[in-house]
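Engineer: Sharing model-v8.cif (mmCIF, N, CA and C atoms) below.
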data_entry
loop_
_atom_site.label_atom_id
_atom_site.label_comp_id
_atom_site.auth_asym_id
_atom_site.auth_seq_id
_atom_site.Cartn_x
_atom_site.Cartn_y
_atom_site.Cartn_z
N MET A 1 14.58 13.06 7.10
CA MET A 1 14.68 14.14 6.16
C MET A 1 14.79 15.46 6.91
N LEU A 2 15.64 16.31 6.41
CA LEU A 2 15.86 17.64 6.98
C LEU A 2 15.22 18.66 6.04
N LEU A 3 14.22 19.39 6.54
CA LEU A 3 13.56 20.43 5.76
C LEU A 3 14.10 21.79 6.17
N ARG A 4 14.51 22.57 5.19
CA ARG A 4 14.96 23.94 5.46
C ARG A 4 13.87 24.90 5.04
N SER A 5 13.46 25.77 5.95
CA SER A 5 12.37 26.72 5.68
C SER A 5 12.90 28.00 5.06
N ALA A 6 12.09 28.55 4.16
CA ALA A 6 12.40 29.84 3.54
C ALA A 6 11.44 30.89 4.09
N TYR A 7 12.01 32.00 4.52
CA TYR A 7 11.25 33.18 4.94
C TYR A 7 11.86 34.37 4.24
N LEU A 8 11.06 35.09 3.47
CA LEU A 8 11.56 36.27 2.78
C LEU A 8 10.89 37.54 3.26
N ARG A 9 9.76 37.39 3.97
CA ARG A 9 9.02 38.56 4.46
C ARG A 9 8.06 38.13 5.57
N SER A 10 7.50 39.14 6.25
CA SER A 10 6.53 38.86 7.32
C SER A 10 5.14 38.62 6.78
N GLY A 11 4.85 39.15 5.62
CA GLY A 11 3.54 38.98 5.01
C GLY A 11 3.25 40.08 4.02
N TYR A 12 2.19 39.90 3.26
CA TYR A 12 1.78 40.87 2.26
C TYR A 12 1.47 42.21 2.92
N GLU A 13 2.16 43.24 2.45
CA GLU A 13 1.98 44.61 2.94
C GLU A 13 2.24 44.76 4.43
N LEU A 14 3.04 43.89 5.01
CA LEU A 14 3.37 43.99 6.43
C LEU A 14 4.83 44.41 6.59
N PRO A 15 5.11 45.21 7.60
CA PRO A 15 6.51 45.56 7.87
C PRO A 15 7.24 44.34 8.43
N PRO A 16 8.55 44.30 8.31
CA PRO A 16 9.31 43.18 8.87
C PRO A 16 9.05 43.05 10.37
N ASP A 17 8.77 41.84 10.80
CA ASP A 17 8.55 41.55 12.22
C ASP A 17 9.91 41.38 12.87
N PRO A 18 10.21 42.13 13.93
CA PRO A 18 11.52 42.02 14.59
C PRO A 18 11.86 40.60 15.04
N GLY A 19 10.85 39.82 15.41
CA GLY A 19 11.09 38.45 15.85
C GLY A 19 11.39 37.48 14.71
N GLN A 20 11.08 37.88 13.48
CA GLN A 20 11.28 37.01 12.32
C GLN A 20 12.46 37.43 11.45
N ILE A 21 12.86 38.67 11.54
CA ILE A 21 13.81 39.25 10.58
C ILE A 21 15.12 38.47 10.49
N ARG A 22 15.52 37.84 11.57
CA ARG A 22 16.79 37.08 11.53
C ARG A 22 16.72 35.89 10.58
N PHE A 23 15.49 35.47 10.22
CA PHE A 23 15.31 34.33 9.32
C PHE A 23 15.23 34.76 7.85
N PHE A 24 15.05 36.05 7.58
CA PHE A 24 14.82 36.52 6.22
C PHE A 24 16.07 36.38 5.36
N GLU A 25 15.86 35.99 4.13
CA GLU A 25 16.91 35.93 3.12
C GLU A 25 16.25 36.05 1.76
N SER A 26 17.00 36.34 0.75
CA SER A 26 16.46 36.39 -0.60
C SER A 26 16.33 34.97 -1.14
N ALA A 27 15.64 34.82 -2.26
CA ALA A 27 15.53 33.49 -2.87
C ALA A 27 16.92 32.98 -3.25
N ALA A 28 17.76 33.85 -3.79
CA ALA A 28 19.12 33.44 -4.17
C ALA A 28 19.92 33.00 -2.96
N GLN A 29 19.80 33.72 -1.85
CA GLN A 29 20.50 33.33 -0.62
C GLN A 29 19.96 31.99 -0.10
N PHE A 30 18.65 31.82 -0.16
CA PHE A 30 18.07 30.56 0.29
C PHE A 30 18.62 29.40 -0.52
N ILE A 31 18.65 29.53 -1.83
CA ILE A 31 19.15 28.46 -2.70
C ILE A 31 20.63 28.20 -2.41
N GLU A 32 21.41 29.25 -2.26
CA GLU A 32 22.83 29.09 -1.93
C GLU A 32 23.00 28.34 -0.61
N ASN A 33 22.20 28.70 0.38
CA ASN A 33 22.27 28.03 1.68
C ASN A 33 21.77 26.59 1.60
N MET A 34 20.78 26.33 0.76
CA MET A 34 20.32 24.95 0.55
C MET A 34 21.42 24.10 -0.08
N GLU A 35 22.10 24.66 -1.05
CA GLU A 35 23.20 23.92 -1.69
C GLU A 35 24.29 23.59 -0.68
N ALA A 36 24.62 24.54 0.16
CA ALA A 36 25.64 24.30 1.20
C ALA A 36 25.15 23.25 2.19
N LEU A 37 23.91 23.31 2.58
CA LEU A 37 23.36 22.32 3.50
C LEU A 37 23.39 20.93 2.90
N ALA A 38 22.92 20.80 1.67
CA ALA A 38 22.88 19.49 1.01
C ALA A 38 24.28 18.90 0.87
N ALA A 39 25.26 19.76 0.61
CA ALA A 39 26.63 19.28 0.46
C ALA A 39 27.28 18.90 1.79
N SER A 40 26.71 19.37 2.89
CA SER A 40 27.35 19.16 4.19
C SER A 40 26.79 17.99 4.99
N THR A 41 25.81 17.26 4.42
CA THR A 41 25.17 16.20 5.19
C THR A 41 24.85 14.99 4.32
N ASP A 42 24.77 13.85 4.96
CA ASP A 42 24.31 12.64 4.27
C ASP A 42 22.80 12.45 4.43
N VAL A 43 22.19 13.32 5.23
CA VAL A 43 20.75 13.26 5.45
C VAL A 43 20.04 13.82 4.21
N ARG A 44 18.94 13.19 3.83
CA ARG A 44 18.16 13.69 2.70
C ARG A 44 17.55 15.03 3.10
N VAL A 45 17.61 16.00 2.19
CA VAL A 45 17.08 17.32 2.48
C VAL A 45 15.84 17.59 1.62
N GLY A 46 15.01 18.49 2.12
CA GLY A 46 13.84 18.95 1.40
C GLY A 46 13.72 20.45 1.58
N VAL A 47 12.87 21.04 0.78
CA VAL A 47 12.72 22.49 0.75
C VAL A 47 11.34 22.85 1.29
N ALA A 48 11.32 23.83 2.20
CA ALA A 48 10.06 24.22 2.84
C ALA A 48 9.87 25.73 2.81
N PRO A 49 9.49 26.29 1.65
CA PRO A 49 9.11 27.69 1.67
C PRO A 49 7.92 27.79 2.64
N HIS A 50 8.01 28.60 3.66
CA HIS A 50 7.01 28.53 4.73
C HIS A 50 5.58 28.64 4.20
N SER A 51 5.28 29.67 3.44
CA SER A 51 3.92 29.93 2.97
C SER A 51 3.99 31.06 1.96
N LEU A 52 2.87 31.30 1.28
CA LEU A 52 2.82 32.46 0.39
C LEU A 52 2.87 33.76 1.16
N ARG A 53 2.51 33.72 2.42
CA ARG A 53 2.66 34.88 3.29
C ARG A 53 4.14 35.23 3.43
N ALA A 54 4.98 34.22 3.57
CA ALA A 54 6.40 34.42 3.84
C ALA A 54 7.28 34.44 2.59
N VAL A 55 6.78 33.84 1.51
CA VAL A 55 7.56 33.77 0.27
C VAL A 55 6.66 34.18 -0.89
N PRO A 56 6.89 35.36 -1.47
CA PRO A 56 6.06 35.81 -2.59
C PRO A 56 6.15 34.86 -3.79
N LEU A 57 5.12 34.87 -4.60
CA LEU A 57 5.00 33.92 -5.71
C LEU A 57 6.21 33.91 -6.63
N ARG A 58 6.71 35.07 -7.02
CA ARG A 58 7.85 35.11 -7.96
C ARG A 58 9.04 34.33 -7.39
N GLU A 59 9.35 34.57 -6.13
CA GLU A 59 10.47 33.89 -5.48
C GLU A 59 10.13 32.43 -5.21
N LEU A 60 8.89 32.14 -4.89
CA LEU A 60 8.48 30.76 -4.68
C LEU A 60 8.69 29.93 -5.95
N LYS A 61 8.35 30.50 -7.09
CA LYS A 61 8.54 29.78 -8.35
C LYS A 61 10.03 29.51 -8.61
N GLU A 62 10.88 30.47 -8.27
CA GLU A 62 12.33 30.29 -8.42
C GLU A 62 12.83 29.16 -7.51
N ILE A 63 12.39 29.18 -6.26
CA ILE A 63 12.79 28.15 -5.30
C ILE A 63 12.25 26.79 -5.72
N ALA A 64 10.99 26.75 -6.15
CA ALA A 64 10.38 25.48 -6.57
C ALA A 64 11.08 24.90 -7.80
N ALA A 65 11.46 25.75 -8.74
CA ALA A 65 12.17 25.26 -9.93
C ALA A 65 13.50 24.63 -9.53
N TRP A 66 14.25 25.30 -8.66
CA TRP A 66 15.52 24.76 -8.17
C TRP A 66 15.29 23.43 -7.47
N THR A 67 14.25 23.37 -6.65
CA THR A 67 13.92 22.16 -5.90
C THR A 67 13.60 21.00 -6.84
N ARG A 68 12.80 21.27 -7.83
CA ARG A 68 12.37 20.20 -8.75
C ARG A 68 13.49 19.75 -9.66
N GLU A 69 14.39 20.65 -10.02
CA GLU A 69 15.57 20.24 -10.81
C GLU A 69 16.38 19.19 -10.07
N ARG A 70 16.35 19.25 -8.75
CA ARG A 70 17.11 18.32 -7.92
C ARG A 70 16.27 17.19 -7.35
N LYS A 71 15.00 17.15 -7.77
CA LYS A 71 14.07 16.08 -7.34
C LYS A 71 13.96 16.00 -5.81
N LEU A 72 13.87 17.16 -5.19
CA LEU A 72 13.71 17.24 -3.74
C LEU A 72 12.23 17.47 -3.40
N PRO A 73 11.82 17.07 -2.21
CA PRO A 73 10.44 17.34 -1.80
C PRO A 73 10.23 18.83 -1.52
N LEU A 74 9.00 19.27 -1.77
CA LEU A 74 8.58 20.66 -1.56
C LEU A 74 7.44 20.64 -0.54
N HIS A 75 7.62 21.33 0.56
CA HIS A 75 6.76 21.24 1.73
C HIS A 75 6.34 22.65 2.11
N MET A 76 5.01 22.92 2.21
CA MET A 76 4.58 24.31 2.42
C MET A 76 3.27 24.39 3.18
N HIS A 77 3.19 25.36 4.07
CA HIS A 77 1.94 25.65 4.77
C HIS A 77 0.99 26.35 3.79
N VAL A 78 -0.24 25.85 3.71
CA VAL A 78 -1.25 26.48 2.86
C VAL A 78 -2.59 26.51 3.58
N ALA A 79 -3.30 27.62 3.44
CA ALA A 79 -4.66 27.77 3.97
C ALA A 79 -4.74 27.38 5.45
N GLU A 80 -3.74 27.80 6.21
CA GLU A 80 -3.70 27.49 7.64
C GLU A 80 -4.67 28.37 8.42
N GLN A 81 -4.80 29.62 7.98
CA GLN A 81 -5.65 30.57 8.69
C GLN A 81 -6.49 31.36 7.69
N VAL A 82 -7.65 31.80 8.11
CA VAL A 82 -8.51 32.62 7.26
C VAL A 82 -7.76 33.87 6.82
N ALA A 83 -7.01 34.49 7.74
CA ALA A 83 -6.26 35.71 7.41
C ALA A 83 -5.24 35.45 6.29
N GLU A 84 -4.65 34.27 6.26
CA GLU A 84 -3.71 33.93 5.19
C GLU A 84 -4.43 33.91 3.84
N ASN A 85 -5.60 33.28 3.81
CA ASN A 85 -6.38 33.23 2.57
C ASN A 85 -6.78 34.64 2.13
N GLN A 86 -7.21 35.47 3.06
CA GLN A 86 -7.62 36.84 2.74
C GLN A 86 -6.46 37.65 2.18
N ALA A 87 -5.28 37.52 2.79
CA ALA A 87 -4.10 38.25 2.29
C ALA A 87 -3.72 37.77 0.90
N CYS A 88 -3.82 36.47 0.67
CA CYS A 88 -3.48 35.92 -0.65
C CYS A 88 -4.49 36.41 -1.70
N LEU A 89 -5.75 36.48 -1.33
CA LEU A 89 -6.77 37.02 -2.24
C LEU A 89 -6.47 38.48 -2.57
N ARG A 90 -6.06 39.28 -1.59
CA ARG A 90 -5.72 40.68 -1.84
C ARG A 90 -4.50 40.81 -2.75
N GLU A 91 -3.49 39.96 -2.51
CA GLU A 91 -2.24 40.08 -3.27
C GLU A 91 -2.34 39.48 -4.67
N TYR A 92 -3.00 38.32 -4.79
CA TYR A 92 -2.98 37.57 -6.04
C TYR A 92 -4.35 37.33 -6.66
N GLY A 93 -5.42 37.62 -5.92
CA GLY A 93 -6.76 37.39 -6.44
C GLY A 93 -7.23 35.95 -6.33
N LEU A 94 -6.45 35.11 -5.68
CA LEU A 94 -6.79 33.70 -5.49
C LEU A 94 -6.37 33.26 -4.09
N THR A 95 -6.98 32.19 -3.60
CA THR A 95 -6.55 31.59 -2.34
C THR A 95 -5.22 30.86 -2.56
N PRO A 96 -4.52 30.51 -1.49
CA PRO A 96 -3.23 29.83 -1.68
C PRO A 96 -3.31 28.55 -2.52
N VAL A 97 -4.26 27.67 -2.22
CA VAL A 97 -4.33 26.41 -2.97
C VAL A 97 -4.67 26.68 -4.44
N ALA A 98 -5.63 27.57 -4.69
CA ALA A 98 -6.00 27.88 -6.07
C ALA A 98 -4.82 28.49 -6.82
N LEU A 99 -4.08 29.38 -6.18
CA LEU A 99 -2.92 30.01 -6.82
C LEU A 99 -1.84 28.98 -7.12
N LEU A 100 -1.53 28.14 -6.15
CA LEU A 100 -0.51 27.11 -6.37
C LEU A 100 -0.93 26.16 -7.49
N GLY A 101 -2.21 25.84 -7.54
CA GLY A 101 -2.72 24.99 -8.62
C GLY A 101 -2.58 25.66 -9.97
N ARG A 102 -2.99 26.92 -10.07
CA ARG A 102 -2.89 27.65 -11.33
C ARG A 102 -1.45 27.75 -11.81
N GLU A 103 -0.53 27.92 -10.88
CA GLU A 103 0.88 28.10 -11.23
C GLU A 103 1.63 26.78 -11.44
N GLY A 104 0.94 25.65 -11.30
CA GLY A 104 1.57 24.35 -11.52
C GLY A 104 2.51 23.92 -10.41
N LEU A 105 2.32 24.45 -9.22
CA LEU A 105 3.22 24.14 -8.11
C LEU A 105 2.74 22.96 -7.26
N LEU A 106 1.55 22.45 -7.52
CA LEU A 106 1.03 21.32 -6.75
C LEU A 106 1.38 20.00 -7.43
N GLY A 107 2.65 19.67 -7.45
CA GLY A 107 3.11 18.42 -8.06
C GLY A 107 3.10 17.28 -7.05
N PRO A 108 3.44 16.07 -7.49
CA PRO A 108 3.47 14.92 -6.59
C PRO A 108 4.54 15.03 -5.51
N ASP A 109 5.47 15.97 -5.67
CA ASP A 109 6.51 16.21 -4.67
C ASP A 109 6.10 17.23 -3.63
N PHE A 110 4.87 17.77 -3.74
CA PHE A 110 4.40 18.85 -2.89
C PHE A 110 3.61 18.32 -1.71
N THR A 111 4.00 18.71 -0.51
CA THR A 111 3.23 18.39 0.70
C THR A 111 2.56 19.66 1.19
N ALA A 112 1.24 19.62 1.24
CA ALA A 112 0.46 20.74 1.78
C ALA A 112 0.32 20.54 3.29
N VAL A 113 0.78 21.51 4.05
CA VAL A 113 0.68 21.44 5.51
C VAL A 113 -0.52 22.27 5.94
N HIS A 114 -1.32 21.72 6.81
CA HIS A 114 -2.55 22.29 7.36
C HIS A 114 -3.70 22.17 6.36
N ALA A 115 -3.76 23.02 5.34
CA ALA A 115 -4.84 23.00 4.35
C ALA A 115 -6.21 22.90 5.03
N ILE A 116 -6.45 23.78 5.98
CA ILE A 116 -7.69 23.76 6.77
C ILE A 116 -8.81 24.51 6.06
N HIS A 117 -8.52 25.72 5.61
CA HIS A 117 -9.54 26.60 5.04
C HIS A 117 -9.54 26.47 3.52
N ILE A 118 -10.10 25.36 3.05
CA ILE A 118 -10.11 25.08 1.61
C ILE A 118 -11.53 24.74 1.16
N THR A 119 -11.76 24.94 -0.13
CA THR A 119 -13.06 24.66 -0.72
C THR A 119 -13.08 23.23 -1.26
N ALA A 120 -14.24 22.78 -1.68
CA ALA A 120 -14.37 21.45 -2.28
C ALA A 120 -13.50 21.36 -3.54
N GLU A 121 -13.47 22.42 -4.32
CA GLU A 121 -12.64 22.42 -5.53
C GLU A 121 -11.15 22.30 -5.17
N GLU A 122 -10.74 22.98 -4.10
CA GLU A 122 -9.35 22.91 -3.67
C GLU A 122 -9.01 21.54 -3.10
N ILE A 123 -9.97 20.90 -2.46
CA ILE A 123 -9.74 19.51 -2.03
C ILE A 123 -9.41 18.67 -3.24
N GLY A 124 -10.13 18.89 -4.33
CA GLY A 124 -9.85 18.16 -5.57
C GLY A 124 -8.45 18.42 -6.09
N LEU A 125 -7.96 19.66 -5.99
CA LEU A 125 -6.60 19.97 -6.42
C LEU A 125 -5.56 19.24 -5.58
N LEU A 126 -5.87 19.10 -4.28
CA LEU A 126 -4.93 18.45 -3.38
C LEU A 126 -5.07 16.93 -3.34
N ALA A 127 -6.16 16.41 -3.88
CA ALA A 127 -6.46 14.98 -3.75
C ALA A 127 -5.87 14.13 -4.87
N VAL A 128 -4.96 14.68 -5.62
CA VAL A 128 -4.30 13.92 -6.68
C VAL A 128 -3.53 12.76 -6.05
N PRO A 129 -3.62 11.56 -6.62
CA PRO A 129 -2.87 10.43 -6.05
C PRO A 129 -1.40 10.77 -5.87
N ALA A 130 -0.85 10.31 -4.79
CA ALA A 130 0.57 10.45 -4.45
C ALA A 130 0.93 11.83 -3.93
N ARG A 131 -0.03 12.75 -3.78
CA ARG A 131 0.28 14.07 -3.23
C ARG A 131 -0.02 14.04 -1.73
N PRO A 132 0.98 14.19 -0.90
CA PRO A 132 0.75 14.14 0.55
C PRO A 132 0.15 15.43 1.09
N CYS A 133 -0.58 15.29 2.18
CA CYS A 133 -1.07 16.42 2.97
C CYS A 133 -0.70 16.13 4.41
N ALA A 134 -0.27 17.14 5.13
CA ALA A 134 0.12 16.96 6.53
C ALA A 134 -0.86 17.72 7.41
N ARG A 135 -1.49 17.00 8.30
CA ARG A 135 -2.40 17.62 9.27
C ARG A 135 -1.63 17.73 10.59
N VAL A 136 -1.60 18.91 11.14
CA VAL A 136 -0.83 19.16 12.34
C VAL A 136 -1.82 19.40 13.48
N ARG A 137 -2.21 18.33 14.15
CA ARG A 137 -3.30 18.39 15.12
C ARG A 137 -3.07 19.39 16.24
N ARG A 138 -1.89 19.39 16.82
CA ARG A 138 -1.64 20.30 17.95
C ARG A 138 -1.75 21.75 17.51
N ARG A 139 -1.08 22.10 16.42
CA ARG A 139 -1.14 23.49 15.91
C ARG A 139 -2.57 23.85 15.51
N ASN A 140 -3.26 22.93 14.87
CA ASN A 140 -4.64 23.21 14.48
C ASN A 140 -5.51 23.41 15.71
N ALA A 141 -5.27 22.66 16.76
CA ALA A 141 -6.03 22.82 17.99
C ALA A 141 -5.76 24.19 18.61
N ILE A 142 -4.50 24.62 18.57
CA ILE A 142 -4.14 25.94 19.09
C ILE A 142 -4.88 27.02 18.32
N LEU A 143 -5.01 26.82 17.02
CA LEU A 143 -5.71 27.78 16.17
C LEU A 143 -7.23 27.64 16.27
N GLY A 144 -7.68 26.63 17.01
CA GLY A 144 -9.12 26.39 17.13
C GLY A 144 -9.70 25.72 15.91
N MET A 145 -8.87 24.97 15.19
CA MET A 145 -9.29 24.34 13.95
C MET A 145 -9.14 22.83 13.99
N ALA A 146 -9.03 22.22 15.16
CA ALA A 146 -8.82 20.78 15.27
C ALA A 146 -10.01 20.08 14.73
#
Would you kindly transcribe this structure into structure tokens?
Structural biologist:
Amino acid sequence: MLLRSAYLRSGYELPPDPGQIRFFESAAQFIENMEALAASTDVRVGVAPHSLRAVPLRELKEIAAWTRERKLPLHMHVAEQVAENQACLREYGLTPVALLGREGLLGPDFTAVHAIHITAEEIGLLAVPARPCARVRRRNAILGMA
């Protein structure tokens, strides 16, 4: 499977990072590029909005709707770092997992990557049968969260 990542910004209230800006696109551009990618390969594709840090909720919902209309997998980093949770709380009043749960984005097609800094209630949101979680040991070790 080929996952294409979406990056629309550097983070909540952050200026564009010069090292990331080449990856930025709008939700409409991302969807257009996904359609072109899917049409150009026989490999199964999936959609990977990087995180709520990189893709604001409004655009994430647009990308997720497009993804689900096509029955593609949705793969996203959530609760990887404490700073990510804090930024999400400032922007939306909820942690990433709680926000995704409230918005109905945690479907059986959703893979949560990392999900390190989560509460018992959020474990319950992610523990629905058939919902995958991806633990990335090397990255977590680098972050000191192995």
Engineer: Hey, what comes out of the PyMOL selection byres ((chain A and resi 55) around 8) on this file? Could you write it as a ChimeraX atom specification?
Structural biologist: /A:6-12,49-54,56-61
Engineer: Separation of CA of Glu122 (chain A) and CA of Ala27 (chain A), in Å?
Structural biologist: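 A separation of 27.0 Å between them.
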Engineer: CA of Leu2 (chain A) to CA of Val45 (chain A): how many Å, to one decimal?
Structural biologist: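 That distance, rounded to one decimal, is 4.7 Å.
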Engineer: Could you state the separation of atom N of Gly107 (chain A) and CA of Ala79 (chain A) in Å, given to one decimal place?
Structural biologist: 15.8 Å
Engineer: Exactly which residues make up the result of the PyMOL selection byres (((chain A and resi 70 and name CA) around 12) and name CA) on this file, given as a ChimeraX atom specification?
Structural biologist: /A:31,34-35,38,44-47,63-69,71-74,109
Engineer: Pick out each residue of region 27-123 of chain A that DSSP on the backbone tags as strand (DSSP E or B); I need them as a list in words.
Structural biologist: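 Answer for region 27-123 of chain A restricted to strand (DSSP E or B) is Val45, Gly46, Val47, Ala48, Pro49, Leu74, His75, Met76, His77, Val78, Phe110, Thr111, Ala112, Val113 and His114 of chain A.
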Engineer: Could you give me the residues within chain A that DSSP places in alpha helix (DSSP H), as a PyMOL selection string?
Structural biologist: chain A and resi 27-39+57-69+82-92+96-102+120-126+137-142
